[in-house]
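Undergrad: Here it is: the structure, laid out below.
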Amino acid sequence: MAPGERRALKKRIVLSNPNALEIEGMVDLSAETMVDSRLRGTVLGLPMPMIDQLRAVEAFKPKQGWSIFRRPGTVLRRDTIEMGRLVEQISGEGDKPQKGKVAKKIINGMKGSGKSVHLLQAMAMAFLKKWVVITVPDARELVCANTAYTAVEGTKPLQYIQPNAVSALLKRTVEANRELLAELKVSQNHPSLPMLQPGSTLEELAKLGFADPAISWAVFQAFWAELTASAPAAGLEKGFVPRPPMLVTVDGLAHWMTESEYRDADYNKIHAHDLYFVKHFLSLLKEGDSLKNGGLLLYATSLSNNPNPLALSIALDRLTAHQAGISASSPEYPNPAAYSGADERVLELLKPAEKAISPVELQTLEGITRDEARGFYEYFALSGLLRDSITDQWVGQRWSLSGGGIIGELEKLGRRFRAASA
Amino acid sequence: MTPRLNLFTARAASALRQSTTPALASRSIASPARFRAIQPIQCRWNSSRDGSKKVEPQPDEQTFPTSDQLPDVSEEANEISRIMDKEKRCDGVPSTPELDQGTPVEEILSRDKQAMKHMPKVMQDELKKSGTRSFSTSARSRIPEIESSVPGPEGASAEATAALADMIRQAQSPLVEENLDLKFDEPILPQNIKTLSYRQRYDTLQEQFTKQMMVDGKLTKAQKNMEFILEHLRTSSPPQINPKRPLLDAPPASQMPLDPVNYLAVVVDSVAPLFRIRQQKGIAGGGAAVQIPTPLNLRQRRRAAIRWIIDGSAKRRDSTFSHRVAAEVVAVAEGRSSVWDKRDQQHKIGISGRANLSTPMRR
């Protein structure tokens, strides 16, 4: 086996199976269909021109079952429609427009409950609404000590920059949002970037970062300042376009809630919150209106390769308790056991705020309903991959086997090669 | 049963059933009087129409003023030939083959829906049976929906579209079983529920193939490999069938990837040898072995084919075992594999060894 071949096989993402049947009248995800509750339970195709953008932000994961269908599509489930309405609201459309609103959500749920696909659907919706999409497809890559890091002089405790990771982030952001960024002009002063030409676009600004990783962190800071700018700086008013809302997604949040694999000069483990990159994205959860032009923060946990830090599970329990109306002084309020050594930094970060402007919410994805499962299996059948008659009883059997509609399990049951039933 | 009625398949039988009634009706409109005159002569053991009773005109047999018109040319010709050939024999007695030979009971039943419902279970089973022989030389049972064919460009595409349309219809319409006799769905016996029993989870051939691939008792590893192979068959382009190496009972090539288990079964069964060659020493004398073909049962035939496919895959250059086997299966489907030559060679030896079959066994 040639070097890198095995990894390439493992990371390969196939999005089309030309043998599967083309489904006639398959509805695409669009601004109208994403909030249409009549379509609940149907599989909506991802618009073909958007596939490259979604690939650029690494929305598809290798183990997801895209490869057996003619074209990628996702189920419009209840959570999706709710998110669609939220996206519409933040964009300033729909029934209750709230332009400039920031929604912060931590997506939790069982293994295979569709957390990553939920993020993908969010990205697709954001692209439809012409938002800027910034993603961290795998949080683990930033803390597993596979990418270079350098200490920042004069910080206390010592902080670290990961230049190559930042460069990669800029690269995929520009590739996915190229059209949008090419229209936005630089509107702030950036003394740290003397090579920046006046009047250049945000695309050109970000491109400085991928040519030279050494300045990528400074470029990213400038880029972020531009995207969150609500008004131009003095003397740069010419051609200022109001910035669009932003979608920020992180998948695999648990890896950022513990110590990283990086070591400092004394060979002690560096806490993930001491990495500038990680700290930047986590700080968005903390502040009030962290995205000045509105937007959506979706930070999903992942149960594959999960470090399962104690502090995170307590923090999530606290969020749940807070949403259920249990006060912090109540005896039912979750607290770490004595001497358990739960990470205080994590607990502090995710502390449920009493009167925050836009507080962090915990969204737990459950299984899909039987009707949604039926629509999902009809998609299999119409693609020619399933040769059973889809009856309510048949769907009910699978629904129960999948632990109450856990969609990853439903998908496994649908694609499995088995003897014909009965 | 009786040789007169040849029930090719269940579908053919149903077609026959449907076609008889309107034919009867149209004939009776053309000549109602004569038809009724013949009726008492024929001795029909029919549950609904008793010969002794007066026959009531059926609703569709009733004559109306407008319906009394001349038959068209072909109908007329048909009537004349019937009269000339069948009804007038040399002795002038109107006759039908039924009068001479008696009417087979299936024919009577086929005209009578009511009686058919209540006919003995043996006959119902007989009707359901497909195929022309009571035994089959085919390794696999025929697929009812998609008939085998030599892949021709027009025929295959027409069949493919028909099969496709059928499949889509099946998927789109909820299953409505027209079961008029039973109040509830027919119960499924526990031994027939395959999906949920872990012992019968997989297709027979799939299981056999998987276990043939197993090394050191690592069944899970073998199952993973099998999953890869089936996934490969599902996603790789449809096989280009070599007309010299046709697959047995295969659906159209474009359909094969959609049912990878069947694809694998078709491939294995197509190269399965009918017998093995037993080397019998001591018959010919002088220490020379005599080659005697010995028939194999279905499982043994498949085993031989699977072994050949796995052995043939060892020569491939793909990186992993499952890649190699998957590529070999496709090669067999396309007629490129050396497995076909092995099978031909085996059959050649077997045919030449037929003479040795009469050799008496040594006591």
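By convention here, the chains of the structure tokens are called A, B, ... in the order presented, each chain's residues are numbered starting at 1, and ligands are numbered starting at 1 in the order presented.
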Using only C-alpha atoms, determine which residues of chain A fall within 9 Å of chain B; present them as a PyMOL selection string.
TA: chain A and resi 1+16-21+67-68+378+381-392+416-422
Undergrad: Include C-alpha atoms and write out the residues we just selected as a CSV table (one decimal), in the first residue's frame.
TA:
```
chain,number,residue,atom,x,y,z
A,1,MET,CA,0.0,0.0,0.0
A,16,SER,CA,-23.3,10.0,-5.4
A,17,ASN,CA,-24.1,6.5,-6.5
A,18,PRO,CA,-25.0,6.5,-10.2
A,19,ASN,CA,-26.7,3.1,-9.9
A,20,ALA,CA,-29.3,4.4,-7.5
A,21,LEU,CA,-32.5,5.6,-9.1
A,67,SER,CA,-22.5,7.1,-0.9
A,68,ILE,CA,-25.4,4.9,-1.8
A,378,GLU,CA,-39.6,5.8,1.3
A,381,ALA,CA,-37.3,2.5,-1.5
A,382,LEU,CA,-37.6,5.2,-4.2
A,383,SER,CA,-33.9,5.1,-4.7
A,384,GLY,CA,-34.2,1.4,-5.4
A,385,LEU,CA,-32.1,0.4,-2.4
A,386,LEU,CA,-34.8,-1.2,-0.3
A,387,ARG,CA,-37.0,-3.9,-1.7
A,388,ASP,CA,-39.6,-4.2,1.0
A,389,SER,CA,-43.0,-2.8,1.1
A,390,ILE,CA,-42.9,0.2,3.4
A,391,THR,CA,-45.9,-0.3,5.7
A,392,ASP,CA,-46.6,1.2,9.0
A,416,ARG,CA,-28.0,-3.4,5.6
A,417,PHE,CA,-27.9,-6.4,3.3
A,418,ARG,CA,-30.2,-8.9,4.9
A,419,ALA,CA,-32.4,-11.8,3.9
A,420,ALA,CA,-35.8,-10.7,2.7
A,421,SER,CA,-38.1,-10.2,5.5
A,422,ALA,CA,-40.8,-12.8,6.2
```
Undergrad: Can you pull out every residue within 9 Å of Val241 (chain A), counting only C-alpha atoms, but drop anything in the same chain fewer than 4 positions away, and send it as a list of chain:residue names?
TA: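 Selected residues are A:Glu183, A:Leu184, A:Lys185.
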Undergrad: Could you write those residues out with N, CA and C atoms, as a compact mmCIF listing (two decimals), in the first residue's frame?
TA:
```txt
# COMPACT_ATOMS: atom_id res chain seq x y z
N GLU A 183 -17.48 40.66 -2.39
CA GLU A 183 -18.26 41.89 -2.46
C GLU A 183 -17.99 42.83 -1.29
N LEU A 184 -17.46 42.26 -0.19
CA LEU A 184 -17.27 43.08 1.01
C LEU A 184 -15.88 43.70 0.99
N LYS A 185 -15.85 45.01 1.25
CA LYS A 185 -14.57 45.73 1.24
C LYS A 185 -14.07 45.91 2.67
```
Undergrad: With DSSP run on the backbone, what are the helix (DSSP H, G or I) residues within region 82-201 of chain A? I'd like them as number ranges by chain.
TA: A: 82-90, 115-128, 139-142, 163-176, 178-183
Undergrad: Pick out the closest residue to Ala182 (chain A) from this set: A:Ala214, A:Val132, A:Ala272, A:Leu39. Count only C-alpha atoms.
TA: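 Once distances to Ala182 (chain A) are computed over only C-alpha atoms, the minimum belongs to A:Val132.
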Undergrad: Looking only at the backbone, which of the residues in region 194-325 of chain B does DSSP tag as strand (DSSP E), as a list in words?
TA: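 Matching residues for strand (DSSP E) in region 194-325 of chain B are Phe275, Arg276, Ile277, Arg278, Gln279, Gln280, Lys281, Ala289, Val290, Gln291, Ile292, Pro293, Thr294 and Pro295 of chain B.
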Undergrad: Could you please take those selected residues and save C-alpha atoms as a PDB file, in the first residue's frame?
TA:
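The resulting file, selection-v7.pdb, is reproduced below:
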```pdb
ATOM      1  CA  PHE B 275     -20.173 -32.175 -10.365  1.00  0.00           C
ATOM      2  CA  ARG B 276     -16.787 -32.831  -8.960  1.00  0.00           C
ATOM      3  CA  ILE B 277     -14.259 -35.276 -10.349  1.00  0.00           C
ATOM      4  CA  ARG B 278     -13.563 -38.160  -8.103  1.00  0.00           C
ATOM      5  CA  GLN B 279     -10.264 -39.937  -8.666  1.00  0.00           C
ATOM      6  CA  GLN B 280     -11.014 -43.607  -8.151  1.00  0.00           C
ATOM      7  CA  LYS B 281      -7.987 -45.820  -7.873  1.00  0.00           C
ATOM      8  CA  ALA B 289      -6.864 -43.480 -11.269  1.00  0.00           C
ATOM      9  CA  VAL B 290     -10.175 -43.294 -13.059  1.00  0.00           C
ATOM     10  CA  GLN B 291     -11.925 -39.954 -13.172  1.00  0.00           C
ATOM     11  CA  ILE B 292     -15.531 -40.295 -12.189  1.00  0.00           C
ATOM     12  CA  PRO B 293     -17.877 -37.314 -12.173  1.00  0.00           C
ATOM     13  CA  THR B 294     -19.888 -37.166  -8.967  1.00  0.00           C
ATOM     14  CA  PRO B 295     -22.921 -34.907  -8.777  1.00  0.00           C
TER      15      PRO B 295
END
```
Undergrad: Which one is closest to Lys269 (chain A): A:Ala126, A:Leu119, A:Val143, A:Met50? Count only C-alpha atoms.
TA: A:Val143
Undergrad: Give the answer as one residue: which of A:Tyr160, A:Trp256, A:Tyr379, A:Tyr333 has the shortest atom-to-atom distance to Thr320 (chain A), using only C-alpha atoms?
TA: A:Tyr333
